[in-house]
Structure formats: structure tokens, C-alpha cells
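S.K.: Please find run_0.txt (compact mmCIF, C-alpha atoms and all ligand atoms) on the next line:
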```
# COMPACT_ATOMS: atom_id res chain seq x y z
CA MET D 1 108.61 132.08 40.70
CA ALA D 2 110.86 129.82 38.64
CA GLN D 3 109.66 127.11 36.33
CA ILE D 4 111.00 123.69 37.32
CA LEU D 5 113.30 121.92 34.85
CA ASP D 6 111.84 118.45 35.20
CA GLY D 7 114.74 116.06 34.67
CA LYS D 8 112.74 113.09 35.83
CA ALA D 9 110.12 113.49 33.09
CA LEU D 10 112.66 114.10 30.31
CA ALA D 11 114.80 111.17 31.49
CA LYS D 12 111.79 108.88 31.15
CA LYS D 13 111.22 110.10 27.60
CA ILE D 14 114.89 109.62 26.65
CA LYS D 15 114.96 106.10 28.09
CA GLU D 16 111.83 105.20 26.09
CA GLN D 17 113.53 106.45 22.92
CA VAL D 18 116.69 104.48 23.74
CA ALA D 19 114.65 101.33 24.41
CA ALA D 20 112.86 101.63 21.06
CA GLU D 21 116.10 102.15 19.15
CA ALA D 22 117.99 99.44 21.07
CA ALA D 23 115.24 96.94 20.19
CA SER D 24 115.69 97.69 16.50
CA LEU D 25 119.41 96.84 16.47
CA PRO D 26 120.58 93.43 15.22
CA ARG D 27 122.32 92.82 18.56
CA ARG D 28 121.33 94.07 22.01
CA PRO D 29 123.70 96.73 23.37
CA GLY D 30 125.74 95.73 26.44
CA LEU D 31 127.04 97.82 29.32
CA ALA D 32 129.60 96.66 31.87
CA VAL D 33 129.47 98.67 35.08
CA ILE D 34 132.36 97.73 37.36
CA LEU D 35 131.96 98.45 41.05
CA VAL D 36 135.00 97.99 43.27
CA GLY D 37 134.20 97.82 46.98
CA GLU D 38 131.12 98.85 48.91
CA ASN D 39 130.93 102.65 48.91
CA PRO D 40 127.24 103.18 49.84
CA ALA D 41 126.67 106.08 47.41
CA SER D 42 128.32 104.12 44.58
CA GLN D 43 126.14 101.10 45.36
CA VAL D 44 123.03 103.29 44.98
CA TYR D 45 124.30 104.74 41.66
CA VAL D 46 125.17 101.30 40.29
CA ARG D 47 121.77 99.87 41.24
CA GLY D 48 120.19 102.80 39.38
CA LYS D 49 122.23 102.05 36.27
CA GLU D 50 121.26 98.37 36.43
CA LYS D 51 117.60 99.34 36.57
CA ASP D 52 118.05 101.73 33.63
CA CYS D 53 119.69 98.97 31.57
CA GLU D 54 116.74 96.71 32.23
CA GLU D 55 114.25 99.41 31.20
CA CYS D 56 116.20 100.16 28.01
CA GLY D 57 116.81 96.57 26.86
CA ILE D 58 120.54 96.95 27.42
CA LEU D 59 122.42 93.88 28.67
CA ASN D 60 123.98 94.38 32.06
CA LEU D 61 127.39 92.73 31.81
CA GLY D 62 129.08 94.33 34.81
CA CYS D 63 130.59 92.96 37.95
CA LYS D 64 131.01 93.81 41.62
CA ILE D 65 134.39 93.00 43.06
CA PRO D 66 135.79 93.38 46.59
CA ALA D 67 137.55 96.54 47.80
CA GLU D 68 140.77 94.55 48.25
CA THR D 69 140.95 93.70 44.52
CA SER D 70 144.41 94.56 43.21
CA GLU D 71 144.95 97.14 40.48
CA GLU D 72 146.43 94.38 38.34
CA GLU D 73 143.26 92.28 38.66
CA LEU D 74 141.03 95.25 37.80
CA LEU D 75 143.16 95.99 34.72
CA ARG D 76 142.84 92.33 33.73
CA ILE D 77 139.02 92.51 33.99
CA ILE D 78 138.98 95.69 31.89
CA ALA D 79 141.19 94.04 29.24
CA GLU D 80 138.76 91.13 29.11
CA MET D 81 135.79 93.48 28.62
CA ASN D 82 137.69 95.49 26.01
CA ALA D 83 138.04 92.26 24.02
CA ASP D 84 134.43 91.08 24.52
CA PRO D 85 132.26 91.96 21.48
CA ALA D 86 129.08 91.80 23.62
CA VAL D 87 130.32 94.75 25.69
CA ASP D 88 129.66 98.13 24.03
CA GLY D 89 130.32 100.31 27.05
CA ILE D 90 132.54 100.03 30.12
CA LEU D 91 132.04 102.22 33.17
CA VAL D 92 134.23 101.92 36.24
CA GLN D 93 132.32 103.54 39.08
CA LEU D 94 134.34 106.24 40.85
CA PRO D 95 135.77 106.77 43.42
CA LEU D 96 138.09 103.76 43.47
CA PRO D 97 139.78 102.40 46.61
CA LYS D 98 142.97 104.34 47.44
CA HIS D 99 145.41 101.61 46.40
CA ILE D 100 144.18 101.75 42.79
CA ASP D 101 145.47 104.43 40.39
CA GLU D 102 142.36 106.03 38.85
CA GLY D 103 144.24 107.56 35.91
CA LYS D 104 145.74 104.23 34.98
CA VAL D 105 142.34 102.51 35.13
CA LEU D 106 140.56 105.14 33.03
CA ARG D 107 143.34 104.95 30.43
CA ALA D 108 142.96 101.16 30.27
CA ILE D 109 139.35 101.34 29.02
CA SER D 110 139.18 101.12 25.23
CA PRO D 111 138.28 104.64 23.98
CA ALA D 112 135.60 103.03 21.76
CA LYS D 113 133.85 101.66 24.88
CA ASP D 114 134.43 104.69 27.12
CA VAL D 115 130.79 105.71 27.72
CA ASP D 116 131.86 108.09 30.52
CA CYS D 117 134.10 109.99 28.07
CA PHE D 118 136.89 110.05 30.68
CA HIS D 119 139.72 108.55 28.58
CA PRO D 120 142.25 111.27 27.66
CA GLU D 121 141.81 110.41 23.98
CA ASN D 122 138.08 111.15 24.22
CA VAL D 123 138.68 114.23 26.37
CA GLY D 124 140.86 115.40 23.46
CA GLU D 125 138.13 114.53 20.93
CA MET D 126 135.75 116.62 23.00
CA MET D 127 138.11 119.61 22.83
CA VAL D 128 138.37 119.51 19.05
CA GLY D 129 135.05 118.20 17.82
CA ASP D 130 132.50 115.48 18.21
CA PRO D 131 133.23 112.40 20.30
CA ILE D 132 130.78 109.47 20.08
CA CYS D 133 129.92 109.92 23.78
CA TRP D 134 129.77 112.98 26.03
CA PRO D 135 130.37 113.01 29.79
CA CYS D 136 126.98 112.10 31.23
CA THR D 137 126.31 114.85 33.74
CA PRO D 138 127.15 117.88 31.54
CA PHE D 139 125.51 116.20 28.54
CA GLY D 140 122.37 115.64 30.65
CA VAL D 141 122.36 119.32 31.64
CA MET D 142 122.59 120.42 27.99
CA GLU D 143 119.74 118.08 26.98
CA LEU D 144 117.59 119.45 29.79
CA LEU D 145 118.27 123.05 28.71
CA ARG D 146 117.49 122.13 25.10
CA GLU D 147 114.17 120.54 26.06
CA TYR D 148 113.05 123.85 27.58
CA GLY D 149 114.31 125.91 24.63
CA ILE D 150 117.16 127.44 26.62
CA SER D 151 120.29 128.14 24.57
CA ALA D 152 123.60 129.35 25.97
CA ALA D 153 124.16 131.49 22.85
CA GLY D 154 124.86 135.09 23.78
CA LYS D 155 124.45 134.28 27.48
CA HIS D 156 126.88 134.63 30.32
CA CYS D 157 127.30 131.20 31.89
CA VAL D 158 129.00 130.68 35.23
CA VAL D 159 130.16 127.19 36.22
CA LEU D 160 130.98 126.56 39.88
CA GLY D 161 133.49 123.71 40.12
CA ARG D 162 136.30 122.55 37.86
CA SER D 163 136.24 118.76 38.18
CA ASN D 164 137.11 116.49 35.28
CA ILE D 165 133.68 114.82 35.61
CA VAL D 166 131.49 117.94 35.61
CA GLY D 167 133.03 121.43 35.71
CA LYS D 168 135.53 121.17 32.87
CA PRO D 169 133.35 119.30 30.34
CA MET D 170 130.35 121.49 31.32
CA THR D 171 132.44 124.52 30.37
CA LEU D 172 133.25 123.02 26.97
CA LEU D 173 129.63 122.13 26.23
CA LEU D 174 128.36 125.60 27.13
CA LEU D 175 131.10 127.08 24.95
CA ARG D 176 130.10 124.75 22.12
CA ASP D 177 126.55 126.10 22.50
CA ASN D 178 128.01 129.60 22.02
CA GLY D 179 127.89 130.69 25.64
CA THR D 180 130.42 133.00 27.26
CA VAL D 181 131.70 130.96 30.17
CA THR D 182 133.34 131.80 33.50
CA VAL D 183 134.62 128.95 35.66
CA CYS D 184 134.78 129.53 39.42
CA HIS D 185 136.43 127.30 42.01
CA SER D 186 137.74 127.17 45.56
CA ARG D 187 140.35 129.87 44.86
CA THR D 188 137.93 132.32 43.23
CA PRO D 189 137.93 135.34 45.57
CA ASP D 190 134.72 137.10 44.44
CA LEU D 191 132.29 134.24 44.02
CA LYS D 192 129.17 136.33 44.65
CA GLU D 193 130.13 139.00 42.08
CA GLN D 194 130.84 136.31 39.50
CA CYS D 195 127.57 134.49 40.17
CA LEU D 196 125.56 137.72 39.91
CA LYS D 197 126.72 138.04 36.27
CA ALA D 198 125.27 134.64 35.35
CA ASP D 199 122.34 134.24 32.97
CA ILE D 200 122.93 130.50 33.36
CA LEU D 201 124.45 129.35 36.64
CA VAL D 202 125.64 125.76 37.05
CA ALA D 203 126.59 124.67 40.57
CA ALA D 204 128.72 121.53 40.84
CA VAL D 205 130.71 121.86 44.04
CA GLY D 206 129.09 119.67 46.71
CA LYS D 207 128.49 122.24 49.44
CA VAL D 208 125.07 122.74 51.03
CA ASN D 209 123.70 126.30 50.59
CA LEU D 210 126.73 127.48 48.61
CA VAL D 211 124.43 129.46 46.31
CA THR D 212 122.09 131.80 48.17
CA ALA D 213 119.44 134.14 46.69
CA ASP D 214 121.67 137.24 47.01
CA MET D 215 124.13 135.60 44.57
CA VAL D 216 121.57 135.06 41.81
CA LYS D 217 120.48 137.57 39.16
CA GLU D 218 116.74 138.07 38.68
CA GLY D 219 115.57 135.75 35.88
CA ALA D 220 118.70 133.53 35.82
CA VAL D 221 118.56 129.84 34.88
CA VAL D 222 119.90 127.85 37.84
CA ILE D 223 121.21 124.30 37.42
CA ASP D 224 122.11 122.36 40.55
CA VAL D 225 124.32 119.36 39.83
CA ALA D 226 125.25 118.55 43.41
CA MET D 227 123.92 115.75 45.57
CA ASN D 228 124.49 116.51 49.26
CA ARG D 229 122.81 115.65 52.54
CA ASN D 230 121.97 118.52 54.89
CA GLU D 231 122.20 118.34 58.70
CA ALA D 232 118.77 116.70 58.83
CA GLY D 233 119.98 114.00 56.42
CA LYS D 234 117.77 115.31 53.60
CA LEU D 235 119.00 115.12 50.01
CA CYS D 236 119.87 118.58 48.66
CA GLY D 237 122.12 120.34 46.16
CA ASP D 238 124.42 123.37 46.36
CA VAL D 239 121.58 125.85 45.89
CA ASP D 240 119.32 127.29 48.59
CA TYR D 241 116.38 126.08 46.50
CA VAL D 242 113.34 127.78 48.07
CA ALA D 243 114.84 131.29 48.17
CA VAL D 244 116.61 131.03 44.80
CA ALA D 245 113.46 129.74 43.08
CA GLU D 246 111.84 133.11 43.90
CA LYS D 247 114.40 134.92 41.70
CA ALA D 248 115.29 132.40 38.98
CA SER D 249 113.37 131.94 35.72
CA TYR D 250 114.14 128.19 35.63
CA ILE D 251 115.59 125.90 38.28
CA THR D 252 116.43 122.21 38.67
CA PRO D 253 115.14 120.45 41.79
CA VAL D 254 117.28 118.04 43.85
CA PRO D 255 116.35 115.24 43.55
CA GLY D 256 114.55 115.02 40.19
CA GLY D 257 116.64 117.46 38.15
CA VAL D 258 120.11 116.65 36.85
CA GLY D 259 120.46 113.21 38.52
CA PRO D 260 117.91 111.34 36.37
CA MET D 261 119.29 113.09 33.26
CA THR D 262 122.81 111.83 33.98
CA ARG D 263 121.47 108.30 34.12
CA ALA D 264 119.33 108.63 31.00
CA VAL D 265 122.09 110.03 28.80
CA LEU D 266 124.41 107.23 29.92
CA MET D 267 121.91 104.89 28.25
CA ARG D 268 122.01 107.11 25.17
CA ASN D 269 125.83 106.91 25.18
CA VAL D 270 125.70 103.11 25.36
CA LEU D 271 123.28 103.09 22.42
CA ALA D 272 125.56 105.43 20.44
CA ALA D 273 128.58 103.21 21.14
CA ALA D 274 126.60 100.07 20.18
CA LYS D 275 125.46 101.67 16.92
CA ASP D 276 129.05 102.62 16.17
CA HIS D 277 130.24 99.06 16.89
CA GLN D 278 127.50 97.53 14.73
CA LYS D 279 128.17 99.77 11.72
N1 LIG D 301 131.08 108.68 40.18
C1 LIG D 301 130.35 109.82 40.27
N2 LIG D 301 129.96 110.24 39.05
C2 LIG D 301 130.46 109.36 38.16
C3 LIG D 301 130.39 109.23 36.74
O1 LIG D 301 129.81 110.06 36.04
N3 LIG D 301 131.02 108.16 36.20
C4 LIG D 301 131.70 107.25 36.96
N4 LIG D 301 132.29 106.25 36.33
N5 LIG D 301 131.78 107.33 38.27
C5 LIG D 301 131.17 108.37 38.87
```
Write the structure described by the file as C-alpha cells, please.
M.R.:
Amino acid sequence: MAQILDGKALAKKIKEQVAAEAASLPRRPGLAVILVGENPASQVYVRGKEKDCEECGILNLGCKIPAETSEEELLRIIAEMNADPAVDGILVQLPLPKHIDEGKVLRAISPAKDVDCFHPENVGEMMVGDPICWPCTPFGVMELLREYGISAAGKHCVVLGRSNIVGKPMTLLLLRDNGTVTVCHSRTPDLKEQCLKADILVAAVGKVNLVTADMVKEGAVVIDVAMNRNEAGKLCGDVDYVAVAEKASYITPVPGGVGPMTRAVLMRNVLAAAKDHQK
């Protein structure tokens, strides 16, 4: 039976550390979360981030603007926050309404305030070395592995999903930790065979029961990044948790695994950006 990787507990610890360090800075760090429209999932995520800011002593300098806001107006707000010395981090919650060009918006955020690490300049920094911030979800996964003494070194890691937010940066971080990494996606023909090779399996697709017990090697570490609802409306990931937990050595629950870690390391990114700005 697998040991649970308790993201909730570690997230609490990280947020306490961030709060202590933030309190010792000459100026309180500030985060601007920008929510465009009323996507229900995004509203939940943004409320979570507001609560985290409060717990960590980080100023919440964000705004919520209507779905009809023009791209021009959003770019103007970002320019204003780029110029505001009280703002250390800017996060535009995705997805954006269809009439707004996501690439253009992410490129408008000052790289020094890009706590998501989505700006192409920071994506490039990540490829070649050490950016100030790391993309929150993969960074949270690595911190969780580290807490439990799990290293990717010498291991075969399989990442399911190739998104810019999770799959691609997850691959880089596992590689940086000396893992041998395979990336699988919707066009991978032999998904089961690939998964069976994994010592560390990271699922980030968004498909209920994508990973079943017959796809998991005995003793594998299984990380479930996804946040889905099953037919009964219950929150679940990509992994058939009960059956896979019988075979895995470690597993993340959904909820309580990767989700809280993503939020906690965002606070750490804001602190890192603030420290860099106050140097
Ligand atoms: N929407 C879902 N995940 C994320 C994330 O990590 N950052 C932003 N900005 N939006 C998201």
C-alpha cells in the first residue's frame, strides 16, 4: 500500500516559512492576481490565492474585471502594474475570454514580475539555468518529492501531458534533477507500455481514470496533477486512485496532493521576486 504524499501538510509548512520571511523584509511583498470574467473554476482558484496572500502577509493588489474587457484595456492594466513598485508579482488567471490573445497578454507582463514563469524570456531562462521563479505546479511537485526524499536521479520518469503550464516545465525540472524523462501525449500510441516503464509517473492530462492499475509498475511513485470531476460530481484526478495505491510506493491524493503545493510555491515565487526587487 502506497504512502501518501501529503501536499496539504507541506504547503502549510511552506506558507509559514514564507510568512516569516515576508515579515522580515523592509517592504511587504505584493501580488496582483488579475481575473477576467467569471469562470467558476478560476473564481475558486483566485479566492484560494487571496486567502494564501492573507496567510503569508503578502499584499493582494489584484483586480477582477468583466469578461467583456477589451484586450487593450487588459494590456493597459498590466502596464500600470508593471510600473507599480508595490507590485512584485503579476498573475493573469488563465483561461482568458476568447477575444483576448493569451500569448500577447503573457508577453506584456514584465519578466521580473512573472511569478507564473510563463513569459517566453523566463521560459528561456528555465531552459538554460536558474530563473527567479519556477512554474508553480511542476515546482510544487518537485518540492513534494524532495520533502519525501525522492530524487529523479537515475530514475525513469514518464510525464503524461505536454502543456506549457505543466507537462513541458515538469519535463525540464525532472531532467534538471537528473531523471530520464519520456513525455507522452494524445498522439502517443503505446501509452500503457510507456507508463509501465515509469519509476516516477506524473499525470497531467485532465481525463478521469486515464491511469489504471495495469499501467503502473509495482513500487512506482505516482503524481496526479489533474483536477477533474467524475460522473458523480466528485473531485478526482487522472489516476484510478484506490487501485493504483495498491501498487505504488508513493501517491498524491486528489484533493490534498499537488493542488495545495501549487498554491504554496506561488507564495514562495512572490517572496523570491520581492527579495530580488528589494536587493
Ligand atoms: N490556470 C490554471 N493554472 C494556472 C496557473 O498556473 N497560472 C495561471 N495564471 N492560470 C492558471
S.K.: Quick one: everything within 9 Å of Asp52 (chain D), counting all atoms listed in the file, minus sequence neighbours fewer than 3 positions away in the same chain. Send it as a list in words.
M.R.: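 Listing them by chain and then by number gives Lys15, Arg47, Gly48, Lys49, Glu55, Cys56, Gly57, Ile58, Arg263, Ala264 and Met267 of chain D.
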S.K.: Keeping only C-alpha atoms, write the selected residues as a PDB file, in the frame of the given file.
M.R.:
```pdb
ATOM      1  CA  LYS D  15     114.960 106.100  28.090  1.00  0.00           C
ATOM      2  CA  ARG D  47     121.770  99.870  41.240  1.00  0.00           C
ATOM      3  CA  GLY D  48     120.190 102.800  39.380  1.00  0.00           C
ATOM      4  CA  LYS D  49     122.230 102.050  36.270  1.00  0.00           C
ATOM      5  CA  GLU D  55     114.250  99.410  31.200  1.00  0.00           C
ATOM      6  CA  CYS D  56     116.200 100.160  28.010  1.00  0.00           C
ATOM      7  CA  GLY D  57     116.810  96.570  26.860  1.00  0.00           C
ATOM      8  CA  ILE D  58     120.540  96.950  27.420  1.00  0.00           C
ATOM      9  CA  ARG D 263     121.470 108.300  34.120  1.00  0.00           C
ATOM     10  CA  ALA D 264     119.330 108.630  31.000  1.00  0.00           C
ATOM     11  CA  MET D 267     121.910 104.890  28.250  1.00  0.00           C
TER      12      MET D 267
END
```
S.K.: At a cut-off of 10 Å and counting all atoms listed in the file, what residues surround ligand LIG 301 (chain D)? Please answer as a count of residues only.
M.R.: 31
S.K.: Kindly give the distance, in Å, that separates CA of Val239 (chain D) and CA of Arg268 (chain D), rounded to a single decimal.
M.R.: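 The value is 27.9 Å.
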S.K.: Could you name the residues that touch region 60-63 of chain D at 8 Å or less, counting all atoms listed in the file, but leaving out those on the same chain fewer than 5 positions away, as number ranges by chain?
M.R.: D: 30-35, 50, 53-54, 87
S.K.: So how many Å separate CA of Ala79 (chain D) and CA of Ile109 (chain D), to one decimal?
M.R.: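 Between CA of Ala79 (chain D) and CA of Ile109 (chain D) the gap works out to 7.5 Å.
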S.K.: Which residue gives the smallest distance to Leu201 (chain D) among D:Lys234, D:His156, D:His185, D:Arg76, with all atoms listed in the file counted?
M.R.: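 Counting all atoms listed in the file, the residue closest to Leu201 (chain D) is D:His156.
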S.K.: For Arg176 (chain D), which of D:Asp214, D:Glu102, D:Glu72, D:Asp130 is the closest residue, counting only C-alpha atoms?
M.R.: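 Looking at the shortest contact to Arg176 (chain D), the residue is D:Asp130.
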S.K.: Because some atoms of region 97-117 of chain D are absent here, can you restore N, CA and C atoms and send them as a PDB file, in the coordinates of the input?
M.R.:
```pdb
ATOM      1  N   PRO D  97     138.993 102.510  45.375  1.00  0.00           N
ATOM      2  CA  PRO D  97     139.780 102.400  46.610  1.00  0.00           C
ATOM      3  C   PRO D  97     141.165 103.036  46.413  1.00  0.00           C
ATOM      4  N   LYS D  98     141.731 103.519  47.492  1.00  0.00           N
ATOM      5  CA  LYS D  98     142.970 104.340  47.440  1.00  0.00           C
ATOM      6  C   LYS D  98     144.164 103.635  46.802  1.00  0.00           C
ATOM      7  N   HIS D  99     144.224 102.312  46.918  1.00  0.00           N
ATOM      8  CA  HIS D  99     145.410 101.610  46.400  1.00  0.00           C
ATOM      9  C   HIS D  99     145.374 101.441  44.877  1.00  0.00           C
ATOM     10  N   ILE D 100     144.282 101.896  44.246  1.00  0.00           N
ATOM     11  CA  ILE D 100     144.180 101.750  42.790  1.00  0.00           C
ATOM     12  C   ILE D 100     144.336 103.121  42.118  1.00  0.00           C
ATOM     13  N   ASP D 101     145.181 103.181  41.100  1.00  0.00           N
ATOM     14  CA  ASP D 101     145.470 104.430  40.390  1.00  0.00           C
ATOM     15  C   ASP D 101     144.348 104.696  39.371  1.00  0.00           C
ATOM     16  N   GLU D 102     143.531 105.712  39.683  1.00  0.00           N
ATOM     17  CA  GLU D 102     142.360 106.030  38.850  1.00  0.00           C
ATOM     18  C   GLU D 102     142.759 106.365  37.405  1.00  0.00           C
ATOM     19  N   GLY D 103     143.795 107.165  37.257  1.00  0.00           N
ATOM     20  CA  GLY D 103     144.240 107.560  35.910  1.00  0.00           C
ATOM     21  C   GLY D 103     144.629 106.367  35.065  1.00  0.00           C
ATOM     22  N   LYS D 104     145.296 105.429  35.680  1.00  0.00           N
ATOM     23  CA  LYS D 104     145.740 104.230  34.980  1.00  0.00           C
ATOM     24  C   LYS D 104     144.527 103.403  34.539  1.00  0.00           C
ATOM     25  N   VAL D 105     143.543 103.301  35.430  1.00  0.00           N
ATOM     26  CA  VAL D 105     142.340 102.510  35.130  1.00  0.00           C
ATOM     27  C   VAL D 105     141.543 103.161  34.001  1.00  0.00           C
ATOM     28  N   LEU D 106     141.349 104.464  34.070  1.00  0.00           N
ATOM     29  CA  LEU D 106     140.560 105.140  33.030  1.00  0.00           C
ATOM     30  C   LEU D 106     141.256 105.067  31.672  1.00  0.00           C
ATOM     31  N   ARG D 107     142.586 105.062  31.686  1.00  0.00           N
ATOM     32  CA  ARG D 107     143.340 104.950  30.430  1.00  0.00           C
ATOM     33  C   ARG D 107     143.312 103.528  29.873  1.00  0.00           C
ATOM     34  N   ALA D 108     142.972 102.553  30.715  1.00  0.00           N
ATOM     35  CA  ALA D 108     142.960 101.160  30.270  1.00  0.00           C
ATOM     36  C   ALA D 108     141.681 100.811  29.497  1.00  0.00           C
ATOM     37  N   ILE D 109     140.621 101.608  29.708  1.00  0.00           N
ATOM     38  CA  ILE D 109     139.350 101.340  29.020  1.00  0.00           C
ATOM     39  C   ILE D 109     139.507 101.718  27.546  1.00  0.00           C
ATOM     40  N   SER D 110     139.093 100.826  26.657  1.00  0.00           N
ATOM     41  CA  SER D 110     139.180 101.120  25.230  1.00  0.00           C
ATOM     42  C   SER D 110     138.398 102.412  24.934  1.00  0.00           C
ATOM     43  N   PRO D 111     138.994 103.390  24.264  1.00  0.00           N
ATOM     44  CA  PRO D 111     138.280 104.640  23.980  1.00  0.00           C
ATOM     45  C   PRO D 111     136.929 104.404  23.267  1.00  0.00           C
ATOM     46  N   ALA D 112     136.840 103.327  22.482  1.00  0.00           N
ATOM     47  CA  ALA D 112     135.600 103.030  21.760  1.00  0.00           C
ATOM     48  C   ALA D 112     134.486 102.558  22.696  1.00  0.00           C
ATOM     49  N   LYS D 113     134.852 102.151  23.922  1.00  0.00           N
ATOM     50  CA  LYS D 113     133.850 101.660  24.880  1.00  0.00           C
ATOM     51  C   LYS D 113     133.728 102.596  26.088  1.00  0.00           C
ATOM     52  N   ASP D 114     134.336 103.761  25.995  1.00  0.00           N
ATOM     53  CA  ASP D 114     134.430 104.690  27.120  1.00  0.00           C
ATOM     54  C   ASP D 114     133.163 105.561  27.189  1.00  0.00           C
ATOM     55  N   VAL D 115     132.071 104.995  27.719  1.00  0.00           N
ATOM     56  CA  VAL D 115     130.790 105.710  27.720  1.00  0.00           C
ATOM     57  C   VAL D 115     130.728 106.846  28.753  1.00  0.00           C
ATOM     58  N   ASP D 116     131.738 106.943  29.606  1.00  0.00           N
ATOM     59  CA  ASP D 116     131.860 108.090  30.520  1.00  0.00           C
ATOM     60  C   ASP D 116     132.537 109.287  29.830  1.00  0.00           C
ATOM     61  N   CYS D 117     133.276 108.980  28.750  1.00  0.00           N
ATOM     62  CA  CYS D 117     134.100 109.990  28.070  1.00  0.00           C
ATOM     63  C   CYS D 117     135.176 110.544  29.017  1.00  0.00           C
TER      64      CYS D 117
END
```
